[in-house]
$ cat my_file-v1.pdb   # PDB, C-alpha atoms
ATOM      1  CA  MET A   1     140.884 146.308  80.966
ATOM      2  CA  VAL A   2     137.231 145.560  80.344
ATOM      3  CA  THR A   3     134.817 147.524  82.559
ATOM      4  CA  LYS A   4     132.739 145.286  84.832
ATOM      5  CA  TYR A   5     129.434 146.084  86.511
ATOM      6  CA  TYR A   6     127.821 144.450  89.536
ATOM      7  CA  GLU A   7     124.581 144.759  91.516
ATOM      8  CA  LYS A   8     125.702 148.031  93.097
ATOM      9  CA  ASP A   9     125.813 149.518  89.587
ATOM     10  CA  GLY A  10     122.223 148.634  88.705
ATOM     11  CA  ASP A  11     119.135 150.668  89.605
ATOM     12  CA  PRO A  12     115.978 148.538  89.255
ATOM     13  CA  SER A  13     113.775 151.587  89.777
ATOM     14  CA  LEU A  14     114.668 152.701  86.233
ATOM     15  CA  LEU A  15     112.336 149.983  84.956
ATOM     16  CA  LYS A  16     109.506 150.891  87.332
ATOM     17  CA  GLY A  17     106.307 151.678  85.468
ATOM     18  CA  LYS A  18     107.708 150.398  82.185
ATOM     19  CA  THR A  19     106.349 147.481  80.205
ATOM     20  CA  ILE A  20     109.046 145.209  78.766
ATOM     21  CA  ALA A  21     108.172 143.220  75.646
ATOM     22  CA  ILE A  22     110.104 139.995  75.155
ATOM     23  CA  ILE A  23     109.885 139.167  71.442
ATOM     24  CA  GLY A  24     110.205 135.376  71.272
ATOM     25  CA  TYR A  25     109.779 132.677  73.897
ATOM     26  CA  GLY A  26     112.511 130.183  73.105
ATOM     27  CA  SER A  27     115.753 129.482  74.936
ATOM     28  CA  GLN A  28     116.581 133.076  75.922
ATOM     29  CA  GLY A  29     113.060 134.491  75.662
ATOM     30  CA  HIS A  30     111.497 132.323  78.340
ATOM     31  CA  ALA A  31     114.376 132.994  80.748
ATOM     32  CA  HIS A  32     114.268 136.774  80.286
ATOM     33  CA  ALA A  33     110.488 136.979  80.621
ATOM     34  CA  LEU A  34     110.301 134.832  83.750
ATOM     35  CA  ASN A  35     113.346 136.347  85.457
ATOM     36  CA  LEU A  36     112.111 139.891  84.850
ATOM     37  CA  ARG A  37     108.677 138.994  86.181
ATOM     38  CA  ASP A  38     110.172 137.395  89.283
ATOM     39  CA  SER A  39     112.278 140.533  89.776
ATOM     40  CA  GLY A  40     109.086 142.556  89.997
ATOM     41  CA  HIS A  41     109.029 144.004  86.478
ATOM     42  CA  ASP A  42     106.148 144.104  84.000
ATOM     43  CA  SER A  43     107.174 141.680  81.268
ATOM     44  CA  ILE A  44     104.958 140.629  78.383
ATOM     45  CA  VAL A  45     105.678 138.248  75.511
ATOM     46  CA  GLY A  46     105.289 139.099  71.835
ATOM     47  CA  LEU A  47     104.882 136.112  69.502
ATOM     48  CA  PRO A  48     104.110 135.693  65.803
ATOM     49  CA  GLU A  49     100.693 134.335  64.929
ATOM     50  CA  GLY A  50     100.571 130.557  65.239
ATOM     51  CA  SER A  51     103.635 130.302  67.486
ATOM     52  CA  LYS A  52     103.883 126.981  69.296
ATOM     53  CA  SER A  53     105.310 128.830  72.294
ATOM     54  CA  LYS A  54     102.112 130.740  73.099
ATOM     55  CA  ALA A  55     100.638 127.995  75.279
ATOM     56  CA  LYS A  56     103.911 127.623  77.206
ATOM     57  CA  ALA A  57     104.157 131.328  77.947
ATOM     58  CA  GLU A  58     100.525 131.558  79.019
ATOM     59  CA  SER A  59     100.808 128.474  81.218
ATOM     60  CA  ALA A  60     103.704 130.218  82.988
ATOM     61  CA  GLY A  61     101.346 133.074  83.826
ATOM     62  CA  LEU A  62     102.697 135.548  81.273
ATOM     63  CA  ARG A  63     100.629 137.864  79.112
ATOM     64  CA  VAL A  64     101.073 137.047  75.417
ATOM     65  CA  LEU A  65     100.306 139.445  72.564
ATOM     66  CA  PRO A  66     100.943 139.517  68.824
ATOM     67  CA  VAL A  67     104.351 141.077  68.133
ATOM     68  CA  ALA A  68     102.977 144.381  66.852
ATOM     69  CA  GLU A  69     100.681 144.818  69.859
ATOM     70  CA  ALA A  70     103.481 143.982  72.280
ATOM     71  CA  ALA A  71     105.806 146.483  70.604
ATOM     72  CA  LYS A  72     103.120 149.165  70.751
ATOM     73  CA  ALA A  73     102.388 148.550  74.437
ATOM     74  CA  ALA A  74     105.987 148.404  75.643
ATOM     75  CA  GLN A  75     108.565 151.036  76.469
ATOM     76  CA  VAL A  76     111.378 148.455  76.288
ATOM     77  CA  ILE A  77     111.478 145.868  73.500
ATOM     78  CA  ILE A  78     114.050 143.087  73.286
ATOM     79  CA  MET A  79     114.514 140.950  70.170
ATOM     80  CA  LEU A  80     114.971 137.304  71.131
ATOM     81  CA  VAL A  81     113.905 135.528  67.953
ATOM     82  CA  PRO A  82     116.483 133.899  65.616
ATOM     83  CA  ASP A  83     118.846 136.221  63.732
ATOM     84  CA  HIS A  84     117.557 135.349  60.283
ATOM     85  CA  ILE A  85     113.949 136.386  60.985
ATOM     86  CA  GLN A  86     114.625 139.523  63.026
ATOM     87  CA  GLY A  87     114.911 141.920  60.084
ATOM     88  CA  GLU A  88     111.570 141.086  58.491
ATOM     89  CA  LEU A  89     109.776 140.914  61.840
ATOM     90  CA  TYR A  90     111.279 144.260  62.864
ATOM     91  CA  LYS A  91     110.212 146.003  59.642
ATOM     92  CA  LYS A  92     106.679 144.651  59.730
ATOM     93  CA  ASP A  93     105.693 144.657  63.411
ATOM     94  CA  ILE A  94     108.168 146.641  65.491
ATOM     95  CA  GLU A  95     109.524 149.620  63.573
ATOM     96  CA  PRO A  96     106.081 151.285  63.229
ATOM     97  CA  HIS A  97     105.796 151.392  67.027
ATOM     98  CA  LEU A  98     109.265 152.717  67.901
ATOM     99  CA  THR A  99     108.219 156.133  69.110
ATOM    100  CA  GLU A 100     110.638 158.596  70.663
ATOM    101  CA  GLY A 101     111.976 157.576  74.071
ATOM    102  CA  LYS A 102     111.579 153.844  73.665
ATOM    103  CA  THR A 103     114.403 151.312  73.994
ATOM    104  CA  LEU A 104     115.185 148.554  71.501
ATOM    105  CA  MET A 105     117.364 145.792  72.945
ATOM    106  CA  PHE A 106     119.143 142.696  71.684
ATOM    107  CA  ALA A 107     120.957 139.695  73.144
ATOM    108  CA  HIS A 108     123.198 139.395  70.067
ATOM    109  CA  GLY A 109     124.471 142.206  67.853
ATOM    110  CA  PHE A 110     124.192 140.444  64.470
ATOM    111  CA  ASN A 111     121.361 142.425  62.874
ATOM    112  CA  ILE A 112     122.495 145.822  64.129
ATOM    113  CA  HIS A 113     126.185 145.331  63.357
ATOM    114  CA  PHE A 114     125.643 144.037  59.834
ATOM    115  CA  GLY A 115     122.934 146.590  59.023
ATOM    116  CA  PHE A 116     119.924 144.316  58.617
ATOM    117  CA  ILE A 117     118.107 146.503  61.175
ATOM    118  CA  THR A 118     118.500 150.297  61.238
ATOM    119  CA  PRO A 119     116.581 151.814  64.173
ATOM    120  CA  PRO A 120     115.381 155.435  64.264
ATOM    121  CA  LYS A 121     117.774 157.900  65.886
ATOM    122  CA  ASN A 122     115.387 158.982  68.662
ATOM    123  CA  ILE A 123     115.472 155.726  70.647
ATOM    124  CA  ASP A 124     118.054 153.912  72.746
ATOM    125  CA  VAL A 125     119.549 150.763  71.215
ATOM    126  CA  SER A 126     121.373 148.466  73.623
ATOM    127  CA  MET A 127     122.341 144.883  74.278
ATOM    128  CA  ILE A 128     122.372 142.566  77.271
ATOM    129  CA  ALA A 129     123.835 139.193  76.306
ATOM    130  CA  PRO A 130     123.894 136.478  78.992
ATOM    131  CA  LYS A 131     126.882 134.176  78.513
ATOM    132  CA  ALA A 132     124.865 130.990  78.945
ATOM    133  CA  PRO A 133     121.989 129.163  77.252
ATOM    134  CA  GLY A 134     118.542 130.286  78.336
ATOM    135  CA  HIS A 135     117.810 127.252  80.480
ATOM    136  CA  ARG A 136     120.930 128.028  82.538
ATOM    137  CA  VAL A 137     120.003 131.713  82.798
ATOM    138  CA  ARG A 138     116.692 130.654  84.322
ATOM    139  CA  GLU A 139     118.025 127.777  86.420
ATOM    140  CA  VAL A 140     120.832 129.786  88.021
ATOM    141  CA  PHE A 141     118.461 132.702  88.680
ATOM    142  CA  THR A 142     116.019 130.471  90.580
ATOM    143  CA  GLU A 143     118.945 129.327  92.722
ATOM    144  CA  GLY A 144     119.572 132.934  93.772
ATOM    145  CA  GLN A 145     122.589 133.465  91.548
ATOM    146  CA  GLY A 146     123.195 134.741  88.022
ATOM    147  CA  VAL A 147     125.250 134.095  84.923
ATOM    148  CA  PRO A 148     127.775 136.649  83.606
ATOM    149  CA  GLY A 149     126.610 138.911  80.800
ATOM    150  CA  LEU A 150     127.730 141.523  78.297
ATOM    151  CA  VAL A 151     126.404 145.050  77.835
ATOM    152  CA  ALA A 152     126.777 147.245  74.769
ATOM    153  CA  ILE A 153     125.281 150.542  73.631
ATOM    154  CA  HIS A 154     124.648 151.270  69.954
ATOM    155  CA  GLN A 155     122.573 154.444  70.398
ATOM    156  CA  ASP A 156     122.186 156.605  73.483
ATOM    157  CA  ALA A 157     119.322 158.940  72.585
ATOM    158  CA  SER A 158     118.196 159.350  76.204
ATOM    159  CA  GLY A 159     121.621 159.835  77.755
ATOM    160  CA  ASN A 160     120.811 156.952  80.111
ATOM    161  CA  ALA A 161     121.058 153.955  77.780
ATOM    162  CA  LEU A 162     123.801 152.270  79.794
ATOM    163  CA  LYS A 163     122.034 152.717  83.129
ATOM    164  CA  ASN A 164     118.782 151.400  81.680
ATOM    165  CA  ALA A 165     120.531 148.408  80.105
ATOM    166  CA  LEU A 166     122.200 147.569  83.409
ATOM    167  CA  ALA A 167     118.819 147.737  85.142
ATOM    168  CA  TYR A 168     117.570 145.183  82.632
ATOM    169  CA  GLY A 169     120.686 143.062  83.190
ATOM    170  CA  GLY A 170     119.963 143.152  86.899
ATOM    171  CA  GLY A 171     116.391 142.074  86.267
ATOM    172  CA  ILE A 172     117.476 138.868  84.552
ATOM    173  CA  GLY A 173     120.154 138.185  87.171
ATOM    174  CA  CYS A 174     123.356 138.947  85.280
ATOM    175  CA  LEU A 175     124.510 141.696  87.656
ATOM    176  CA  ARG A 176     124.705 139.086  90.415
ATOM    177  CA  ALA A 177     127.673 137.536  88.597
ATOM    178  CA  GLY A 178     128.894 140.618  86.736
ATOM    179  CA  ILE A 179     128.356 142.284  83.360
ATOM    180  CA  LEU A 180     131.256 143.186  81.074
ATOM    181  CA  GLU A 181     131.111 146.205  78.782
ATOM    182  CA  THR A 182     131.695 145.588  75.077
ATOM    183  CA  SER A 183     130.429 146.826  71.693
ATOM    184  CA  PHE A 184     127.961 145.413  69.176
ATOM    185  CA  LYS A 185     130.885 144.874  66.785
ATOM    186  CA  GLU A 186     133.077 143.030  69.274
ATOM    187  CA  GLU A 187     130.279 140.834  70.641
ATOM    188  CA  THR A 188     129.027 139.858  67.192
ATOM    189  CA  GLU A 189     132.372 139.102  65.588
ATOM    190  CA  THR A 190     133.857 137.196  68.524
ATOM    191  CA  ASP A 191     130.627 135.231  69.006
ATOM    192  CA  LEU A 192     130.504 134.103  65.374
ATOM    193  CA  PHE A 193     134.223 133.302  65.346
ATOM    194  CA  GLY A 194     133.985 131.202  68.501
ATOM    195  CA  GLU A 195     131.006 129.267  67.163
ATOM    196  CA  GLN A 196     132.525 128.561  63.779
ATOM    197  CA  THR A 197     136.133 127.737  64.615
ATOM    198  CA  VAL A 198     135.985 126.293  68.141
ATOM    199  CA  LEU A 199     132.688 125.684  69.909
ATOM    200  CA  CYS A 200     130.562 124.227  67.117
ATOM    201  CA  GLY A 201     132.442 123.943  63.826
ATOM    202  CA  GLY A 202     135.864 123.173  65.276
ATOM    203  CA  VAL A 203     134.792 120.754  67.992
ATOM    204  CA  SER A 204     132.247 118.935  65.808
ATOM    205  CA  GLU A 205     134.682 118.359  62.975
ATOM    206  CA  LEU A 206     137.480 117.315  65.339
ATOM    207  CA  ILE A 207     135.198 114.751  67.005
ATOM    208  CA  ARG A 208     133.997 113.401  63.673
ATOM    209  CA  ALA A 209     137.513 113.172  62.254
ATOM    210  CA  GLY A 210     138.847 111.377  65.339
ATOM    211  CA  PHE A 211     135.952 108.921  65.312
ATOM    212  CA  GLN A 212     136.397 108.135  61.618
ATOM    213  CA  THR A 213     140.161 107.714  61.951
ATOM    214  CA  LEU A 214     139.710 105.003  64.588
ATOM    215  CA  VAL A 215     136.899 103.252  62.721
ATOM    216  CA  ASP A 216     138.873 103.269  59.450
ATOM    217  CA  ALA A 217     141.782 101.699  61.337
ATOM    218  CA  GLY A 218     139.563  98.795  62.392
ATOM    219  CA  TYR A 219     138.575  99.787  65.911
ATOM    220  CA  ALA A 220     135.019  99.242  67.142
ATOM    221  CA  PRO A 221     132.738 102.239  66.491
ATOM    222  CA  GLU A 222     131.553 102.018  70.102
ATOM    223  CA  MET A 223     135.117 102.444  71.385
ATOM    224  CA  ALA A 224     135.702 105.306  68.962
ATOM    225  CA  TYR A 225     132.513 107.015  70.169
ATOM    226  CA  PHE A 226     133.503 106.806  73.826
ATOM    227  CA  GLU A 227     137.051 108.050  73.242
ATOM    228  CA  CYS A 228     136.322 110.835  70.747
ATOM    229  CA  LEU A 229     132.862 112.108  71.738
ATOM    230  CA  HIS A 230     131.567 110.847  75.071
ATOM    231  CA  GLU A 231     134.626 111.861  77.087
ATOM    232  CA  VAL A 232     134.714 115.376  75.638
ATOM    233  CA  LYS A 233     132.311 116.442  78.409
ATOM    234  CA  LEU A 234     134.695 115.168  81.096
ATOM    235  CA  ILE A 235     137.505 117.310  79.725
ATOM    236  CA  VAL A 236     135.382 120.366  78.977
ATOM    237  CA  ASP A 237     133.919 120.327  82.496
ATOM    238  CA  LEU A 238     137.437 120.479  83.929
ATOM    239  CA  ILE A 239     138.378 123.344  81.609
ATOM    240  CA  TYR A 240     135.120 125.154  82.445
ATOM    241  CA  GLU A 241     135.816 124.826  86.164
ATOM    242  CA  GLY A 242     139.451 125.869  86.244
ATOM    243  CA  GLY A 243     140.888 126.562  82.818
ATOM    244  CA  LEU A 244     143.376 124.552  80.779
ATOM    245  CA  SER A 245     145.834 124.294  83.665
ATOM    246  CA  TYR A 246     143.248 122.672  85.935
ATOM    247  CA  MET A 247     142.340 120.179  83.223
ATOM    248  CA  ARG A 248     146.007 119.248  82.771
ATOM    249  CA  TYR A 249     146.417 118.951  86.531
ATOM    250  CA  SER A 250     143.425 116.603  86.690
ATOM    251  CA  VAL A 251     144.286 114.194  83.868
ATOM    252  CA  SER A 252     147.115 111.657  83.876
ATOM    253  CA  ASP A 253     150.698 112.678  83.159
ATOM    254  CA  THR A 254     150.498 110.502  80.051
ATOM    255  CA  ALA A 255     147.511 112.499  78.778
ATOM    256  CA  GLU A 256     149.194 115.789  79.667
ATOM    257  CA  TYR A 257     152.382 114.841  77.794
ATOM    258  CA  GLY A 258     150.301 113.808  74.757
ATOM    259  CA  ASP A 259     148.493 117.150  74.961
ATOM    260  CA  TYR A 260     151.718 119.161  74.771
ATOM    261  CA  THR A 261     153.456 117.077  72.104
ATOM    262  CA  ARG A 262     150.621 116.015  69.783
ATOM    263  CA  GLY A 263     148.052 118.807  70.078
ATOM    264  CA  PRO A 264     150.119 121.274  68.006
ATOM    265  CA  ARG A 265     150.314 118.654  65.249
ATOM    266  CA  ILE A 266     146.496 118.766  64.969
ATOM    267  CA  VAL A 267     146.033 122.535  65.197
ATOM    268  CA  THR A 268     148.795 123.558  62.802
ATOM    269  CA  ASP A 269     149.890 126.794  61.167
ATOM    270  CA  GLN A 270     147.540 125.895  58.322
ATOM    271  CA  THR A 271     144.660 125.654  60.819
ATOM    272  CA  ARG A 272     145.539 129.032  62.302
ATOM    273  CA  ALA A 273     145.709 130.576  58.834
ATOM    274  CA  GLU A 274     142.242 129.229  58.067
ATOM    275  CA  MET A 275     140.982 130.674  61.372
ATOM    276  CA  LYS A 276     142.256 134.098  60.299
ATOM    277  CA  LYS A 277     140.528 133.673  56.945
ATOM    278  CA  ILE A 278     137.237 132.796  58.660
ATOM    279  CA  LEU A 279     137.594 135.813  60.953
ATOM    280  CA  GLY A 280     138.101 137.983  57.878
ATOM    281  CA  GLU A 281     134.900 136.612  56.332
ATOM    282  CA  ILE A 282     133.043 137.501  59.534
ATOM    283  CA  GLN A 283     134.535 140.999  59.778
ATOM    284  CA  SER A 284     133.775 141.822  56.143
ATOM    285  CA  GLY A 285     130.152 140.713  56.469
ATOM    286  CA  GLN A 286     130.644 137.902  53.933
ATOM    287  CA  PHE A 287     129.357 135.228  56.327
ATOM    288  CA  ALA A 288     126.357 137.337  57.375
ATOM    289  CA  ARG A 289     125.337 137.967  53.768
ATOM    290  CA  GLU A 290     125.818 134.287  52.909
ATOM    291  CA  TRP A 291     123.642 133.168  55.823
ATOM    292  CA  MET A 292     120.868 135.667  55.125
ATOM    293  CA  ASP A 293     120.881 134.752  51.409
ATOM    294  CA  GLU A 294     120.622 131.078  52.354
ATOM    295  CA  ASN A 295     117.457 131.836  54.317
ATOM    296  CA  LYS A 296     115.988 133.985  51.535
ATOM    297  CA  ASN A 297     116.521 131.113  49.103
ATOM    298  CA  GLY A 298     114.652 128.507  51.128
ATOM    299  CA  ARG A 299     117.521 127.134  53.289
ATOM    300  CA  LYS A 300     117.981 124.187  50.888
ATOM    301  CA  LYS A 301     121.755 123.906  51.347
ATOM    302  CA  PHE A 302     121.475 124.316  55.120
ATOM    303  CA  LEU A 303     118.747 121.700  55.477
ATOM    304  CA  ALA A 304     120.603 119.263  53.221
ATOM    305  CA  MET A 305     123.738 119.609  55.366
ATOM    306  CA  ARG A 306     121.696 119.112  58.533
ATOM    307  CA  GLU A 307     120.121 115.928  57.157
ATOM    308  CA  ALA A 308     123.481 114.563  55.993
ATOM    309  CA  GLN A 309     125.108 115.148  59.377
ATOM    310  CA  GLU A 310     122.229 113.491  61.243
ATOM    311  CA  LYS A 311     122.861 110.325  59.219
ATOM    312  CA  GLN A 312     126.573 110.102  60.064
ATOM    313  CA  PRO A 313     127.702 106.768  61.628
ATOM    314  CA  ILE A 314     128.781 108.535  64.804
ATOM    315  CA  GLU A 315     125.164 109.628  65.367
ATOM    316  CA  THR A 316     123.802 106.113  64.811
ATOM    317  CA  VAL A 317     126.310 104.551  67.205
ATOM    318  CA  GLY A 318     125.767 107.314  69.740
ATOM    319  CA  ALA A 319     121.998 106.904  69.765
ATOM    320  CA  GLU A 320     122.406 103.259  70.769
ATOM    321  CA  LEU A 321     125.089 103.883  73.387
ATOM    322  CA  ARG A 322     123.142 106.704  75.014
ATOM    323  CA  LYS A 323     120.348 104.234  75.778
ATOM    324  CA  MET A 324     122.758 102.820  78.382
ATOM    325  CA  MET A 325     123.040 106.249  80.018
ATOM    326  CA  THR A 326     119.777 106.603  81.895
ATOM    327  CA  PHE A 327     121.256 109.541  83.802
ATOM    328  CA  LEU A 328     121.191 111.769  80.732
ATOM    329  CA  LYS A 329     118.551 114.490  80.636
ATOM    330  CA  LYS A 330     116.966 115.835  77.478
ATOM    331  CA  LYS A 331     117.852 119.511  77.141
ATOM    332  CA  LYS A 332     115.675 120.370  74.171
ATOM    333  CA  GLU A 333     112.544 119.395  72.323
ATOM    334  CA  VAL A 334     113.412 118.119  68.866
ATOM    335  CA  GLY A 335     111.705 120.127  66.136
ATOM    336  CA  VAL A 336     110.867 123.210  68.230
ATOM    337  CA  PRO A 337     112.707 126.403  67.138
ATOM    338  CA  ALA A 338     115.271 127.634  69.659
ATOM    339  CA  ALA A 339     114.024 131.183  70.012
ATOM    340  CA  THR A 340     110.403 131.558  68.943
TER
END

$ encode --input "my_file-v1.pdb" --output "structure tokens"
Amino acid sequence: MVTKYYEKDGDPSLLKGKTIAIIGYGSQGHAHALNLRDSGHDSIVGLPEGSKSKAKAESAGLRVLPVAEAAKAAQVIIMLVPDHIQGELYKKDIEPHLTEGKTLMFAHGFNIHFGFITPPKNIDVSMIAPKAPGHRVREVFTEGQGVPGLVAIHQDASGNALKNALAYGGGIGCLRAGILETSFKEETETDLFGEQTVLCGGVSELIRAGFQTLVDAGYAPEMAYFECLHEVKLIVDLIYEGGLSYMRYSVSDTAEYGDYTRGPRIVTDQTRAEMKKILGEIQSGQFAREWMDENKNGRKKFLAMREAQEKQPIETVGAELRKMMTFLKKKKEVGVPAAT
């Protein structure tokens, strides 16, 4: 059984007198910095020169420094910039200031697990990973609650790395819901697998394929959009609230019967074999090397794929239909990096 920690297991006094540097002010960065501040801790924000997020952080009343200065001033440093820029930023601005006794933290184990960052042996290296996007981490915190999180320890130079990490997890609100103990390896590999085969890659391709099947058969694109994309939220919300059984309880018997009898014809043994292959590519580091090489080579393939997907018919139809849905709220600013 996974070990779980709650508020009784966290000691906020362990962060007393310590400056915490949040490196990045995107989705997770803004939530961590603000939640820690509101919990009574000294949080500062470290941003690269020219960051568009500087004005936002300062307008929220936070002290903003260049990354190197923030790393020098802090006893606890957490990396909350995108995976592909962490290694270079670490080498240039953070590693020179990792003196004995400091703590280097992460919200995702990618760079540590795959060896793109190798910290000195005389510091603690830990992870607190909220299981929610940053805006939810902040929103739920302001409501007096918290989102679940994960904790992992890569290096325990002080002998108190776990206790200190839990204090940090309490500061951002995760101990209110509960924090599960894991490892950098397990968090990284399961996170990448979930993204690629289910949450992003799997769901996106399933939606697109369903939409195109209906359109190719002569059905109106608008009908295909509603049935294969729009209503996904209705089903996912039910699953999120009570699992697969609650979703099946909530839908019609016709839908439930179709689920049992037709679903396995979509996710076949061939699909499962491909999932295992993808997991193997993650475990071996093949995907990590591929992604980092893509960034080193100018991201041309990645950007071309992004542009092609944005021009898909389902996106054009959806943009028009969403104009009818005045209740929708924009959750992001187009063109602003997620974690800088």

$ closest_atom_pairs --input "my_file-v1.pdb" --of "range 98-130 of chain A" --to "range 261-282 of chain A" --cutoff "12 Å" --atoms "only C-alpha atoms" --output "tab-separated table"
residue	atom	partner	partner_atom	distance
A:Phe110	CA	A:Ile282	CA	10.6
A:His113	CA	A:Ile282	CA	11.1
A:Phe114	CA	A:Ile282	CA	9.9

$ closest_residue --input "my_file-v1.pdb" --among "A:Leu180, A:Val81, A:Met247, A:Leu206" --to "Met1 in chain A" --atoms "only C-alpha atoms"
A:Leu180

$ residues_around --input "my_file-v1.pdb" --residues "Gly17 in chain A" --least-positions-apart "5" --cutoff "12 Å" --atoms "only C-alpha atoms" --output "JSON, numbers by chain"
{"A": [12, 40, 41, 42, 43, 74, 75, 76]}

$ write_last_selection --input "my_file-v1.pdb" --atoms "C-alpha atoms" --output "PDB file, keeping the file's coordinate frame"
ATOM      1  CA  PRO A  12     115.978 148.538  89.255  1.00  0.00           C
ATOM      2  CA  GLY A  40     109.086 142.556  89.997  1.00  0.00           C
ATOM      3  CA  HIS A  41     109.029 144.004  86.478  1.00  0.00           C
ATOM      4  CA  ASP A  42     106.148 144.104  84.000  1.00  0.00           C
ATOM      5  CA  SER A  43     107.174 141.680  81.268  1.00  0.00           C
ATOM      6  CA  ALA A  74     105.987 148.404  75.643  1.00  0.00           C
ATOM      7  CA  GLN A  75     108.565 151.036  76.469  1.00  0.00           C
ATOM      8  CA  VAL A  76     111.378 148.455  76.288  1.00  0.00           C
TER       9      VAL A  76
END

$ resolve_selection --input "my_file-v1.pdb" --expression "the PyMOL selection byres ((chain A and resi 10) around 7)" --output "PyMOL selection string"
chain A and resi 7-9+11-12+163+166-167+170

$ closest_residue --input "my_file-v1.pdb" --among "A:Ile94, A:Leu62, A:Val137, A:Val45" --to "Gly149 in chain A" --atoms "all atoms listed in the file"
A:Val137

$ closest_residue --input "my_file-v1.pdb" --among "A:Arg289, A:Lys54, A:Lys18, A:His135" --to "Gly101 in chain A" --atoms "all atoms listed in the file"
A:Lys18

$ resolve_selection --input "my_file-v1.pdb" --expression "the PyMOL selection byres ((chain A and resi 80) around 6)" --output "PyMOL selection string"
chain A and resi 23-24+29+79+81
